[in-house]
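Engineer: Enclosed is the structure file structure_13.json (JSON, C-alpha atoms (C1' of nucleotides)).
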```json
[["chain", "number", "residue", "atom", "x", "y", "z"],
["W", 1, "MET", "CA", 0.00, 0.00, 0.00],
["W", 2, "LEU", "CA", 1.80, 3.08, -1.26],
["W", 3, "PRO", "CA", 0.97, 6.42, 0.31],
["W", 4, "PRO", "CA", -1.32, 8.33, -2.09],
["W", 5, "ALA", "CA", 1.22, 11.12, -2.59],
["W", 6, "THR", "CA", 3.91, 8.60, -3.49],
["W", 7, "PHE", "CA", 1.73, 7.01, -6.16],
["W", 8, "HIS", "CA", 0.92, 10.40, -7.68],
["W", 9, "ILE", "CA", 4.59, 11.34, -7.75],
["W", 10, "LEU", "CA", 5.44, 8.08, -9.53],
["W", 11, "LEU", "CA", 2.69, 8.80, -12.07],
["W", 12, "ALA", "CA", 4.14, 12.25, -12.66],
["W", 13, "LEU", "CA", 7.61, 10.80, -13.26],
["W", 14, "ALA", "CA", 6.41, 7.94, -15.47],
["W", 15, "ASP", "CA", 6.91, 9.71, -18.80],
["W", 16, "ASP", "CA", 9.64, 12.21, -17.99],
["W", 17, "ASP", "CA", 12.15, 13.37, -15.41],
["W", 18, "ARG", "CA", 10.74, 16.26, -13.44],
["W", 19, "HIS", "CA", 11.74, 18.58, -10.63],
["W", 20, "GLY", "CA", 9.68, 18.99, -7.45],
["W", 21, "TYR", "CA", 7.66, 22.03, -8.31],
["W", 22, "ALA", "CA", 6.84, 20.63, -11.75],
["W", 23, "ILE", "CA", 5.54, 17.45, -10.08],
["W", 24, "ILE", "CA", 3.05, 19.50, -8.06],
["W", 25, "GLN", "CA", 1.85, 21.19, -11.24],
["W", 26, "ASP", "CA", 1.66, 17.93, -13.16],
["W", 27, "ILE", "CA", -0.50, 16.32, -10.48],
["W", 28, "ALA", "CA", -2.80, 19.35, -10.37],
["W", 29, "ALA", "CA", -3.14, 19.22, -14.16],
["W", 30, "ARG", "CA", -3.84, 15.48, -14.27],
["W", 31, "THR", "CA", -6.53, 15.69, -11.63],
["W", 32, "GLY", "CA", -8.13, 18.78, -13.12],
["W", 33, "GLY", "CA", -7.10, 20.80, -10.09],
["W", 34, "GLU", "CA", -8.74, 18.40, -7.63],
["W", 35, "LEU", "CA", -5.48, 17.42, -5.98],
["W", 36, "LYS", "CA", -2.97, 20.10, -5.11],
["W", 37, "LEU", "CA", -0.12, 18.38, -3.33],
["W", 38, "SER", "CA", 1.24, 20.59, -0.57],
["W", 39, "ALA", "CA", 4.93, 21.48, -0.70],
["W", 40, "GLY", "CA", 5.49, 19.91, 2.69],
["W", 41, "THR", "CA", 4.08, 16.58, 1.55],
["W", 42, "LEU", "CA", 5.97, 16.70, -1.73],
["W", 43, "TYR", "CA", 9.47, 17.25, -0.40],
["W", 44, "ARG", "CA", 9.09, 14.83, 2.48],
["W", 45, "SER", "CA", 7.71, 12.22, 0.09],
["W", 46, "ILE", "CA", 10.66, 12.78, -2.24],
["W", 47, "GLN", "CA", 13.15, 12.26, 0.59],
["W", 48, "ARG", "CA", 11.44, 9.03, 1.64],
["W", 49, "MET", "CA", 11.29, 7.80, -1.95],
["W", 50, "LEU", "CA", 14.98, 8.51, -2.48],
["W", 51, "GLU", "CA", 15.81, 6.51, 0.66],
["W", 52, "GLN", "CA", 13.62, 3.65, -0.52],
["W", 53, "GLY", "CA", 15.15, 3.73, -4.00],
["W", 54, "LEU", "CA", 11.87, 4.42, -5.81],
["W", 55, "ILE", "CA", 13.40, 7.48, -7.50],
["W", 56, "THR", "CA", 16.88, 8.93, -8.02],
["W", 57, "GLU", "CA", 18.14, 12.43, -8.54],
["W", 58, "THR", "CA", 19.53, 12.88, -12.03],
["W", 59, "ARG", "CA", 22.63, 14.81, -13.01],
["W", 60, "GLU", "CA", 21.21, 15.62, -16.42],
["W", 61, "ARG", "CA", 20.03, 19.16, -16.90],
["W", 62, "PRO", "CA", 18.07, 20.80, -19.69],
["W", 63, "ARG", "CA", 19.91, 23.24, -21.97],
["W", 64, "PRO", "CA", 21.17, 26.17, -19.87],
["W", 65, "GLU", "CA", 18.68, 28.60, -21.42],
["W", 66, "ASP", "CA", 15.78, 26.40, -20.27],
["W", 67, "ASP", "CA", 17.23, 25.57, -16.88],
["W", 68, "ASP", "CA", 16.88, 27.01, -13.40],
["W", 69, "GLU", "CA", 19.75, 26.33, -11.03],
["W", 70, "ARG", "CA", 17.43, 25.91, -8.07],
["W", 71, "ARG", "CA", 15.73, 22.86, -9.56],
["W", 72, "ARG", "CA", 16.48, 19.29, -8.61],
["W", 73, "TYR", "CA", 15.39, 16.68, -11.15],
["W", 74, "TYR", "CA", 14.14, 13.20, -10.30],
["W", 75, "ARG", "CA", 13.77, 9.98, -12.28],
["W", 76, "ILE", "CA", 11.75, 6.85, -11.52],
["W", 77, "THR", "CA", 13.80, 3.68, -10.89],
["W", 78, "PRO", "CA", 12.94, 0.05, -11.78],
["W", 79, "ASP", "CA", 11.93, -0.42, -8.14],
["W", 80, "GLY", "CA", 9.71, 2.63, -8.44],
["W", 81, "THR", "CA", 8.06, 1.23, -11.55],
["W", 82, "ALA", "CA", 7.49, -2.11, -9.85],
["W", 83, "ALA", "CA", 5.95, -0.43, -6.81],
["W", 84, "ALA", "CA", 3.67, 1.66, -9.04],
["W", 85, "LYS", "CA", 2.54, -1.43, -10.96],
["W", 86, "ALA", "CA", 1.73, -3.28, -7.74],
["W", 87, "GLU", "CA", -0.25, -0.30, -6.50],
["W", 88, "ALA", "CA", -2.08, 0.05, -9.82],
["W", 89, "ARG", "CA", -3.06, -3.60, -9.58],
["W", 90, "ARG", "CA", -4.38, -3.12, -6.04],
["W", 91, "LEU", "CA", -6.39, -0.07, -7.08],
["W", 92, "GLY", "CA", -7.77, -1.94, -10.08],
["W", 93, "GLN", "CA", -9.09, -4.67, -7.82],
["W", 94, "LEU", "CA", -10.65, -2.04, -5.58],
["W", 95, "VAL", "CA", -12.48, -0.52, -8.55],
["W", 96, "LYS", "CA", -13.64, -3.99, -9.55],
["W", 97, "MET", "CA", -15.10, -4.49, -6.08],
["W", 98, "ALA", "CA", -16.78, -1.09, -6.31],
["W", 99, "ARG", "CA", -18.40, -2.14, -9.60],
["W", 100, "ALA", "CA", -19.63, -5.38, -8.10],
["W", 101, "ALA", "CA", -21.14, -3.37, -5.25],
["W", 102, "GLY", "CA", -22.91, -1.03, -7.64],
["W", 103, "PHE", "CA", -20.81, 2.00, -6.71],
["W", 104, "ALA", "CA", -19.37, 2.37, -10.21],
["W", 105, "PRO", "CA", -20.87, 1.88, -13.68],
["W", 106, "GLY", "CA", -20.27, -1.49, -15.36],
["W", 107, "LYS", "CA", -17.06, -1.40, -17.37],
["W", 108, "ALA", "CA", -18.99, -1.85, -20.64],
["U", 1, "MET", "CA", -10.88, 11.41, -0.37],
["U", 2, "LEU", "CA", -12.32, 8.75, 1.91],
["U", 3, "PRO", "CA", -9.94, 7.02, 4.30],
["U", 4, "PRO", "CA", -9.15, 3.55, 2.89],
["U", 5, "ALA", "CA", -10.73, 1.76, 5.84],
["U", 6, "THR", "CA", -13.94, 3.73, 5.41],
["U", 7, "PHE", "CA", -14.24, 2.76, 1.74],
["U", 8, "HIS", "CA", -13.68, -0.92, 2.54],
["U", 9, "ILE", "CA", -16.33, -0.79, 5.27],
["U", 10, "LEU", "CA", -18.83, 0.77, 2.85],
["U", 11, "LEU", "CA", -18.04, -1.98, 0.33],
["U", 12, "ALA", "CA", -18.67, -4.60, 3.01],
["U", 13, "LEU", "CA", -22.04, -3.04, 3.85],
["U", 14, "ALA", "CA", -23.12, -2.54, 0.23],
["U", 15, "ASP", "CA", -25.04, -5.80, -0.12],
["U", 16, "ASP", "CA", -26.06, -6.53, 3.46],
["U", 17, "ASP", "CA", -26.18, -5.23, 7.01],
["U", 18, "ARG", "CA", -23.23, -6.54, 8.97],
["U", 19, "HIS", "CA", -21.76, -6.33, 12.45],
["U", 20, "GLY", "CA", -18.22, -5.17, 13.14],
["U", 21, "TYR", "CA", -16.42, -8.44, 13.33],
["U", 22, "ALA", "CA", -18.19, -9.71, 10.20],
["U", 23, "ILE", "CA", -16.97, -6.60, 8.36],
["U", 24, "ILE", "CA", -13.36, -7.48, 9.17],
["U", 25, "GLN", "CA", -13.90, -11.00, 7.85],
["U", 26, "ASP", "CA", -15.69, -9.78, 4.74],
["U", 27, "ILE", "CA", -12.83, -7.42, 3.87],
["U", 28, "ALA", "CA", -10.26, -10.18, 4.42],
["U", 29, "ALA", "CA", -12.28, -12.51, 2.18],
["U", 30, "ARG", "CA", -12.72, -9.91, -0.61],
["U", 31, "THR", "CA", -9.02, -9.10, -0.69],
["U", 32, "GLY", "CA", -7.93, -12.72, -0.50],
["U", 33, "GLY", "CA", -6.43, -12.14, 2.91],
["U", 34, "GLU", "CA", -4.30, -9.20, 1.75],
["U", 35, "LEU", "CA", -6.05, -6.67, 3.95],
["U", 36, "LYS", "CA", -6.83, -7.57, 7.53],
["U", 37, "LEU", "CA", -8.38, -4.50, 9.09],
["U", 38, "SER", "CA", -7.28, -4.14, 12.70],
["U", 39, "ALA", "CA", -9.98, -4.04, 15.35],
["U", 40, "GLY", "CA", -8.77, -0.63, 16.50],
["U", 41, "THR", "CA", -9.17, 0.86, 13.03],
["U", 42, "LEU", "CA", -12.54, -0.80, 12.49],
["U", 43, "TYR", "CA", -14.31, 0.43, 15.59],
["U", 44, "ARG", "CA", -12.87, 3.93, 15.39],
["U", 45, "SER", "CA", -13.87, 4.11, 11.72],
["U", 46, "ILE", "CA", -17.39, 2.96, 12.61],
["U", 47, "GLN", "CA", -17.73, 5.68, 15.25],
["U", 48, "ARG", "CA", -16.58, 8.35, 12.80],
["U", 49, "MET", "CA", -18.89, 7.03, 10.09],
["U", 50, "LEU", "CA", -21.87, 7.05, 12.45],
["U", 51, "GLU", "CA", -21.12, 10.68, 13.35],
["U", 52, "GLN", "CA", -20.83, 11.59, 9.67],
["U", 53, "GLY", "CA", -24.04, 9.75, 8.83],
["U", 54, "LEU", "CA", -22.43, 7.33, 6.36],
["U", 55, "ILE", "CA", -23.87, 4.37, 8.26],
["U", 56, "THR", "CA", -26.51, 3.77, 10.95],
["U", 57, "GLU", "CA", -26.94, 1.12, 13.57],
["U", 58, "THR", "CA", -29.97, -1.06, 12.84],
["U", 59, "ARG", "CA", -32.45, -2.39, 15.35],
["U", 60, "GLU", "CA", -33.18, -5.43, 13.20],
["U", 61, "ARG", "CA", -31.69, -8.69, 14.43],
["U", 62, "PRO", "CA", -31.41, -12.10, 12.82],
["U", 63, "ARG", "CA", -33.54, -14.93, 14.22],
["U", 64, "PRO", "CA", -32.54, -15.56, 17.86],
["U", 65, "GLU", "CA", -30.93, -18.91, 17.04],
["U", 66, "ASP", "CA", -28.58, -17.21, 14.57],
["U", 67, "ASP", "CA", -27.91, -14.15, 16.69],
["U", 68, "ASP", "CA", -25.25, -13.16, 19.18],
["U", 69, "GLU", "CA", -26.24, -10.53, 21.72],
["U", 70, "ARG", "CA", -22.83, -8.92, 21.63],
["U", 71, "ARG", "CA", -23.15, -7.94, 18.00],
["U", 72, "ARG", "CA", -24.02, -4.47, 16.74],
["U", 73, "TYR", "CA", -25.35, -4.34, 13.18],
["U", 74, "TYR", "CA", -24.72, -1.49, 10.75],
["U", 75, "ARG", "CA", -26.38, -0.37, 7.52],
["U", 76, "ILE", "CA", -25.16, 1.97, 4.80],
["U", 77, "THR", "CA", -27.11, 5.25, 4.39],
["U", 78, "PRO", "CA", -27.84, 7.21, 1.19],
["U", 79, "ASP", "CA", -25.01, 9.57, 2.20],
["U", 80, "GLY", "CA", -22.76, 6.55, 2.59],
["U", 81, "THR", "CA", -23.69, 5.29, -0.86],
["U", 82, "ALA", "CA", -23.04, 8.72, -2.36],
["U", 83, "ALA", "CA", -19.64, 8.96, -0.66],
["U", 84, "ALA", "CA", -18.72, 5.48, -1.88],
["U", 85, "LYS", "CA", -19.72, 6.36, -5.45],
["U", 86, "ALA", "CA", -17.63, 9.52, -5.40],
["U", 87, "GLU", "CA", -14.65, 7.58, -4.09],
["U", 88, "ALA", "CA", -15.13, 4.85, -6.69],
["U", 89, "ARG", "CA", -15.11, 7.51, -9.39],
["U", 90, "ARG", "CA", -11.88, 8.99, -8.02],
["U", 91, "LEU", "CA", -10.21, 5.58, -7.90],
["U", 92, "GLY", "CA", -11.38, 4.82, -11.42],
["U", 93, "GLN", "CA", -9.66, 7.94, -12.69],
["U", 94, "LEU", "CA", -6.52, 6.99, -10.82],
["U", 95, "VAL", "CA", -6.51, 3.57, -12.52],
["U", 96, "LYS", "CA", -7.05, 5.30, -15.86],
["U", 97, "MET", "CA", -3.97, 7.45, -15.23],
["U", 98, "ALA", "CA", -2.01, 4.35, -14.25],
["U", 99, "ARG", "CA", -2.96, 2.72, -17.57],
["U", 100, "ALA", "CA", -1.89, 5.78, -19.52],
["U", 101, "ALA", "CA", 1.44, 5.67, -17.67],
["U", 102, "GLY", "CA", 1.93, 2.01, -18.54],
["U", 103, "PHE", "CA", 1.59, 0.83, -14.93],
["U", 104, "ALA", "CA", -1.50, -1.26, -15.68],
["U", 105, "PRO", "CA", -2.54, -3.39, -18.66],
["U", 106, "GLY", "CA", -4.89, -1.81, -21.21],
["U", 107, "LYS", "CA", -8.48, -2.47, -20.25],
["U", 108, "ALA", "CA", -8.99, -4.72, -23.27],
["S", 1, "DG", "C1'", 15.29, 49.95, -10.86],
["S", 2, "DG", "C1'", 11.84, 48.52, -7.81],
["S", 3, "DA", "C1'", 7.81, 45.96, -6.46],
["S", 4, "DG", "C1'", 5.12, 42.00, -6.57],
["S", 5, "DG", "C1'", 4.10, 37.56, -7.79],
["S", 6, "DA", "C1'", 5.43, 33.13, -9.43],
["S", 7, "DT", "C1'", 9.03, 29.66, -9.04],
["S", 8, "DA", "C1'", 11.72, 26.50, -6.15],
["S", 9, "DT", "C1'", 13.27, 23.97, -2.16],
["S", 10, "DA", "C1'", 13.04, 22.90, 2.69],
["S", 11, "DT", "C1'", 11.64, 22.64, 7.63],
["S", 12, "DC", "C1'", 8.29, 22.88, 11.38],
["S", 13, "DC", "C1'", 3.89, 21.96, 13.85],
["S", 14, "DA", "C1'", -0.45, 19.92, 14.46],
["S", 15, "DC", "C1'", -3.78, 16.66, 13.08],
["S", 16, "DA", "C1'", -6.00, 12.41, 11.04],
["S", 17, "DG", "C1'", -5.92, 7.53, 10.17],
["S", 18, "DT", "C1'", -3.79, 3.32, 11.16],
["S", 19, "DG", "C1'", -1.74, -0.97, 13.46],
["S", 20, "DG", "C1'", -0.99, -3.43, 17.35],
["S", 21, "DC", "C1'", -1.60, -4.13, 22.24],
["S", 22, "DT", "C1'", -4.55, -4.61, 26.09],
["S", 23, "DA", "C1'", -9.03, -5.32, 28.34],
["S", 24, "DT", "C1'", -13.34, -7.63, 28.84],
["S", 25, "DA", "C1'", -16.34, -11.22, 28.10],
["S", 26, "DG", "C1'", -19.28, -14.70, 25.85],
["S", 27, "DT", "C1'", -19.02, -18.98, 22.68],
["S", 28, "DT", "C1'", -17.33, -23.24, 20.78],
["S", 29, "DG", "C1'", -14.99, -27.34, 20.50],
["S", 30, "DA", "C1'", -11.21, -30.64, 21.75],
["T", 1, "DT", "C1'", -10.81, -27.57, 31.57],
["T", 2, "DC", "C1'", -8.52, -25.12, 28.60],
["T", 3, "DA", "C1'", -7.66, -22.94, 24.33],
["T", 4, "DA", "C1'", -9.13, -20.62, 20.40],
["T", 5, "DC", "C1'", -12.50, -17.89, 18.34],
["T", 6, "DT", "C1'", -16.01, -14.28, 18.43],
["T", 7, "DA", "C1'", -17.14, -9.52, 19.63],
["T", 8, "DT", "C1'", -16.55, -4.78, 21.08],
["T", 9, "DA", "C1'", -13.74, -1.04, 22.78],
["T", 10, "DG", "C1'", -9.93, 1.96, 24.47],
["T", 11, "DC", "C1'", -4.97, 3.13, 24.42],
["T", 12, "DC", "C1'", -0.29, 4.41, 22.57],
["T", 13, "DA", "C1'", 2.88, 5.21, 19.02],
["T", 14, "DC", "C1'", 3.83, 5.80, 14.26],
["T", 15, "DT", "C1'", 3.21, 7.53, 9.47],
["T", 16, "DG", "C1'", 1.47, 10.62, 6.04],
["T", 17, "DT", "C1'", -0.64, 14.86, 5.33],
["T", 18, "DG", "C1'", -1.81, 20.05, 5.02],
["T", 19, "DG", "C1'", -0.65, 24.49, 6.09],
["T", 20, "DA", "C1'", 2.50, 27.93, 7.77],
["T", 21, "DT", "C1'", 6.97, 29.71, 7.64],
["T", 22, "DA", "C1'", 11.65, 30.58, 5.81],
["T", 23, "DT", "C1'", 14.82, 31.58, 2.19],
["T", 24, "DA", "C1'", 16.01, 32.76, -2.24],
["T", 25, "DT", "C1'", 15.75, 33.29, -7.24],
["T", 26, "DC", "C1'", 13.29, 34.48, -11.48],
["T", 27, "DC", "C1'", 10.15, 37.23, -14.32],
["T", 28, "DT", "C1'", 7.09, 40.90, -15.59],
["T", 29, "DC", "C1'", 5.22, 45.22, -15.38],
["T", 30, "DC", "C1'", 5.32, 49.99, -14.20]]
```
Represent the structure of the file as structure tokens.

Structural biologist:
Amino acid sequence: MLPPATFHILLALADDDRHGYAIIQDIAARTGGELKLSAGTLYRSIQRMLEQGLITETRERPRPEDDDERRRYYRITPDGTAAAKAEARRLGQLVKMARAAGFAPGKA
Amino acid sequence: MLPPATFHILLALADDDRHGYAIIQDIAARTGGELKLSAGTLYRSIQRMLEQGLITETRERPRPEDDDERRRYYRITPDGTAAAKAEARRLGQLVKMARAAGFAPGKA
DNA sequence: GGAGGATATATCCACAGTGGCTATAGTTGA
DNA sequence: TCAACTATAGCCACTGTGGATATATCCTCC
């Protein structure tokens, strides 16, 4: 059971390396503004995820004219991908149960 | 965003009234033993859900020969059903995002 | 060139939800 | 008889979270 914030961060890093602030914006965009991850949650989650090896900090930077020295970029690891897949599977089963209970429309 | 335990309890009460201990067993059975809700979490969740009006305690009892005086039976309310539907919708979108990210198989 | 707001990271505090332990007690079965 | 299971409930400690605060840079507009 991944913490919700961790799963969202992994989703945000699935397609591209991103820095912290960009992760917050990506999550807000994906959820149509429903979920605005607080900065406190984000940076503590990142620290935990680094320790657990779910993500790593990359040395690669965008071209200098597109960069901002303050940024720190993160990349998902194989362990991070595995954890995200396991969580996705768990959530899928939960949705299946919700359908069976009549809480969600049939998958038609 | 419903607490995970709350959503599982609503799922357990979707089809039938149940008492606390039976809810724990139902959740364990549904998840194939993956999730064993602790007694502490269950009874505190029930109290919160009663206060929020997501469930009510029923006066109806099974036939005396099938009953156990110690039990307290609970039933989902319309508010509880609405909350469960909203949560199911949120989880469905999360699974959709996971598919788009390649963390879950296409819904085929 | 100065102000204000957005960008960017990080730490702190308080609160909610959870697991596991303990308590209490009735029930079942070896 | 004794143990395990059923059943509810309170307690303590831990984790994850939001929101506030701090610090600093970047960008735009006047």

Engineer: Out of T:DG18, T:DA13, T:DC2, T:DT8, which residue has the shortest atom-to-atom distance to chain W when counting only C-alpha atoms (C1' of nucleotides)?

Structural biologist: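 For chain W, the nearest of the given residues is T:DG18.
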
Engineer: For a quick test of understanding: name the residues of chain U lying within 10 Å of chain S when counting all atoms listed in the file, and present them as a ChimeraX atom specification.

Structural biologist: /U:3-5,37-42,44-45,68-70

Engineer: Can you list, as JSON, numbers by chain, every protein, DNA or RNA residue that comes within 12 Å of segment 47-54 of chain U when you count only C-alpha atoms (C1' of nucleotides), leaving out same-chain residues fewer than 4 positions away?

Structural biologist: {"U": [2, 3, 5, 6, 7, 9, 10, 11, 13, 14, 20, 40, 41, 42, 43, 58, 73, 74, 75, 76, 77, 78, 79, 80, 81, 82, 83, 84], "S": [16, 17], "T": [9]}

Engineer: Build an axis-aligned box that encloses every atom of segment 12-30 of chain T listed in the file, pad it by 8 Å on each side, and report its centre and edge lengths in Å to one decimal, as JSON.

Structural biologist:
```
{"center_x": 7.1, "center_y": 27.2, "center_z": 3.5, "size_x": 33.8, "size_y": 61.6, "size_z": 54.2}
```

Engineer: Hey, which bits of chain W sit within 9 Å of chain U, and for each residue what's the closest pair of atoms and how far apart in Å (one decimal), counting all atoms listed in the file, rows by chain and increasing number, as a tab-separated table?

Structural biologist:
```
residue	atom	partner	partner_atom	distance
W:His8	CA	U:Leu94	CA	8.8
W:Leu11	CA	U:Ala101	CA	6.5
W:Ala12	CA	U:Ala101	CA	8.7
W:Ala14	CA	U:Ala101	CA	5.9
W:Asp15	CA	U:Ala101	CA	6.9
W:Arg30	CA	U:Met97	CA	8.1
W:Thr31	CA	U:Gln93	CA	8.4
W:Thr81	CA	U:Phe103	CA	7.3
W:Ala82	CA	U:Phe103	CA	8.3
W:Ala84	CA	U:Phe103	CA	6.3
W:Lys85	CA	U:Phe103	CA	4.7
W:Ala86	CA	U:Phe103	CA	8.3
W:Glu87	CA	U:Phe103	CA	8.7
W:Ala88	CA	U:Ala104	CA	6.0
W:Arg89	CA	U:Ala104	CA	6.7
W:Leu91	CA	U:Val95	CA	6.5
W:Gly92	CA	U:Val95	CA	6.2
W:Gln93	CA	U:Thr31	CA	8.4
W:Leu94	CA	U:Leu91	CA	8.0
W:Val95	CA	U:Gly92	CA	6.2
W:Met97	CA	U:Leu11	CA	7.5
W:Ala98	CA	U:Ala88	CA	6.2
W:Arg99	CA	U:Ala88	CA	8.2
W:Ala101	CA	U:Ala14	CA	5.9
W:Gly102	CA	U:Ala14	CA	8.0
W:Phe103	CA	U:Lys85	CA	4.7
W:Ala104	CA	U:Ala88	CA	6.0
```

Engineer: What are the closest atom pairs, with distances in Å to one decimal, for each residue of chain T lying within 9 Å of chain W, using only C-alpha atoms (C1' of nucleotides), rows by chain and rising residue number, as CSV?

Structural biologist:
```
residue,atom,partner,partner_atom,distance
T:DG16,C1',W:Pro3,CA,7.1
T:DT17,C1',W:Thr41,CA,6.3
T:DG18,C1',W:Ser38,CA,6.4
T:DG19,C1',W:Ser38,CA,7.9
T:DT25,C1',W:Arg70,CA,7.6
T:DC26,C1',W:Asp68,CA,8.5
```

Engineer: To one decimal place, how far is atom CA of Asp67 of chain U from atom C1' of DG10 of chain T in Å?

Structural biologist: 25.4 Å

Engineer: What does the distance from atom CA of Ile55 of chain U to atom CA of Ala28 of chain U come to in Å, to one decimal?

Structural biologist: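 Between these atoms lies a distance of 20.3 Å.
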
Engineer: Grab the atom CA of Ile27 of chain W to atom C1' of DC29 of chain T distance for me, in Å with one decimal place.

Structural biologist: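 One can read the atom CA of Ile27 of chain W to atom C1' of DC29 of chain T distance as 29.9 Å.
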